[in-house]
Amino acid sequence: MTLTPVEALLAAARRHGADHADAILVRDESESALVRKGVPEGIERSESVALGLRVFRGKRAATVSTSVLNESEFDRLAEQACAMALVVPEDRYAGLAETALKGRFDAAGLDLECSATPGMDDLLARAREAEDIALSFEGITNTNGASAGHGRTSVALGTSAAFFGAYSRTSHSTSASVLAGEAATMQRDYAYRSAVHLEDLDDARIIGREAAERALARLNPARPRTGTYSIVYDPRVSASLLGHLVGAINGAAIARGTSFLKDSLGQRILSAGLTVHDDPRRIRGAASRPFDGEGCAALAMDLVQDGVLQSWLLDSRSGRQLGLPTNGRASRGVASPPSPSVTNLHLAPGTLSSEALRSDITEGILITELMGSSVNMLTGDYSRGASGFMIRNGEIAEPVAELTVAGNLKDMFARMIPGSDLMFRQSVNAPSIRIDGMSIAGL
């Protein structure tokens, strides 16, 4: 039987003295078209392949990688890795995952591959359509361009403990970025969509219209007065709060003691009733996968349930450090060891529409864009540049810019109120989120 490159590399590692090993192959193919004022400015096609090997000799581990899929080179690569593993310091938490699956696995049932393969003419036409619609709006004065693309990523992972898995995921995308106004008053905004299947991708006209409407709405922004306000994070930026939560419950950070939530397992960190769910097996999910980066089962789980933190994000190494089993959240590249991460993560929606969520706010701010970041994960202190719109008597009012929103993430998490407008458009998703009592630095 002919061995796959991953299996051949594992066999070479065993020949050169590895006690255990795992290997990963990642192949990427993509094609994209960028137009500006209808003229092609960037036509790209790329293909890459990378193969990584991690070997263990006792409690010592070493990782090597290559972009050459030539079996005659595998012995040299394995010999290099095994030699390196003899001279690195011991890591008492190193090793393959004890709960890894055994056998051969694929992504059957997850529907991660689209059969549509748009040609370059199709991509150019889609990009032009998005840009043409955006430029047709009165007040749109220039364009940063529009793009369309598609790609395929294939992953194969194997271990010396009888696991082998392989799957592919496709992607399709469209974006547009335009400018409104003139000279110093000019404002920029954009719209972007991506999907695993082309049929799920929003029409280019929708994307062009959204980019134009957003840019026009930002014209002539003011600065709010410095003070304390009720804030509503638009779904476009609300997922960033989940990103900070993910960083705070990452098992590696917990093991180092560098998270402001390090003592919060089993405690209420969000408002009662709130759930944060991670689902590696979401059908057509942007980050779906049939197994994690160590060959463990990819199972859905509530990280937060009824506001209570249920689990850290764990791979096998961070799990050993904390005396806990991995929960199948390992991700890895070809040149680095696994580390904990999420897949398809979302904050469950609430019952209030976006209009109802802000209806009782006399004066507040809707944040639609965040810039920069000053977030201290040790203390939870939070400060970010922002822009958006004033909320007056429950209605969206004039645009505002050049403001800073500040608080402490632990307090912010406890006061989050989600809206009902959750949409699954990327790997981390959240509805509108209201947080009262936030500090704003403006005028």
# chains A, B, ... in the order shown; residues from 1 in each chain; ligands from 1
call {"tool": "residues_around", "arguments": {"residues": "Arg358 (chain A)", "least_positions_apart": "5", "cutoff": "9 Å", "atoms": "only C-alpha atoms", "output": "MDAnalysis selection string"}}
result
chainID A and resid 230:232 353 364 366 391 393:396 434
call {"tool": "residues_around", "arguments": {"residues": "Pro349 (chain A)", "least_positions_apart": "6", "cutoff": "6 Å", "atoms": "only C-alpha atoms", "output": "list in words"}}
result
Pro418, Gly419, Ser420 and Leu422 of chain A
call {"tool": "closest_residue", "arguments": {"among": "A:Ala204, A:Val405, A:Cys296, A:Leu322", "to": "Tyr229 (chain A)", "atoms": "only C-alpha atoms"}}
result
A:Val405
call {"tool": "closest_residue", "arguments": {"among": "A:Glu29, A:Ser341, A:Thr326, A:Asp121", "to": "Ile249 (chain A)", "atoms": "only C-alpha atoms"}}
result
A:Ser341
call {"tool": "closest_atom_pairs", "arguments": {"of": "region 144-192 of chain A", "to": "region 80-95 of chain A", "cutoff": "12 Å", "atoms": "only C-alpha atoms", "output": "Markdown table"}}
result
| residue | atom | partner | partner_atom | distance |
| --- | --- | --- | --- | --- |
| A:Thr159 | CA | A:Gly95 | CA | 11.1 |
| A:Ser160 | CA | A:Gly95 | CA | 11.3 |
| A:Ala161 | CA | A:Gly95 | CA | 11.2 |
call {"tool": "select_by_dssp", "arguments": {"residues": "region 22-189 of chain A", "states": "alpha helix (DSSP H)", "output": "PyMOL selection string"}}
result
chain A and resi 71-85+120-135
call {"tool": "write_last_selection", "arguments": {"atoms": "C-alpha atoms", "output": "PDB file, in the first residue's frame"}}
result
ATOM      1  CA  GLU A  71      10.053  11.112   0.079  1.00  0.00           C
ATOM      2  CA  SER A  72      13.790  10.961  -0.529  1.00  0.00           C
ATOM      3  CA  GLU A  73      14.056  13.988   1.791  1.00  0.00           C
ATOM      4  CA  PHE A  74      11.909  12.522   4.552  1.00  0.00           C
ATOM      5  CA  ASP A  75      14.732  10.524   6.132  1.00  0.00           C
ATOM      6  CA  ARG A  76      16.928  13.619   6.294  1.00  0.00           C
ATOM      7  CA  LEU A  77      14.112  15.649   7.850  1.00  0.00           C
ATOM      8  CA  ALA A  78      13.279  12.946  10.396  1.00  0.00           C
ATOM      9  CA  GLU A  79      16.947  12.490  11.278  1.00  0.00           C
ATOM     10  CA  GLN A  80      17.276  16.249  11.839  1.00  0.00           C
ATOM     11  CA  ALA A  81      14.202  16.340  14.095  1.00  0.00           C
ATOM     12  CA  CYS A  82      15.322  13.352  16.157  1.00  0.00           C
ATOM     13  CA  ALA A  83      18.812  14.842  16.588  1.00  0.00           C
ATOM     14  CA  MET A  84      17.307  18.145  17.724  1.00  0.00           C
ATOM     15  CA  ALA A  85      15.107  16.343  20.260  1.00  0.00           C
ATOM     16  CA  MET A 120     -10.933  34.623 -13.122  1.00  0.00           C
ATOM     17  CA  ASP A 121     -13.525  36.247 -15.415  1.00  0.00           C
ATOM     18  CA  ASP A 122     -16.224  35.334 -12.891  1.00  0.00           C
ATOM     19  CA  LEU A 123     -14.212  36.820 -10.028  1.00  0.00           C
ATOM     20  CA  LEU A 124     -13.540  40.035 -11.949  1.00  0.00           C
ATOM     21  CA  ALA A 125     -17.227  40.343 -12.832  1.00  0.00           C
ATOM     22  CA  ARG A 126     -18.277  39.882  -9.209  1.00  0.00           C
ATOM     23  CA  ALA A 127     -15.769  42.441  -7.954  1.00  0.00           C
ATOM     24  CA  ARG A 128     -16.810  44.958 -10.634  1.00  0.00           C
ATOM     25  CA  GLU A 129     -20.476  44.476  -9.761  1.00  0.00           C
ATOM     26  CA  ALA A 130     -19.843  45.217  -6.077  1.00  0.00           C
ATOM     27  CA  GLU A 131     -17.786  48.301  -6.911  1.00  0.00           C
ATOM     28  CA  ASP A 132     -20.213  49.600  -9.562  1.00  0.00           C
ATOM     29  CA  ILE A 133     -23.126  49.454  -7.145  1.00  0.00           C
ATOM     30  CA  ALA A 134     -21.121  51.268  -4.462  1.00  0.00           C
ATOM     31  CA  LEU A 135     -19.985  54.001  -6.869  1.00  0.00           C
TER      32      LEU A 135
END
call {"tool": "closest_residue", "arguments": {"among": "A:Glu113, A:Glu294, A:Glu402, A:Glu7", "to": "Leu96 (chain A)", "atoms": "only C-alpha atoms"}}
result
A:Glu294
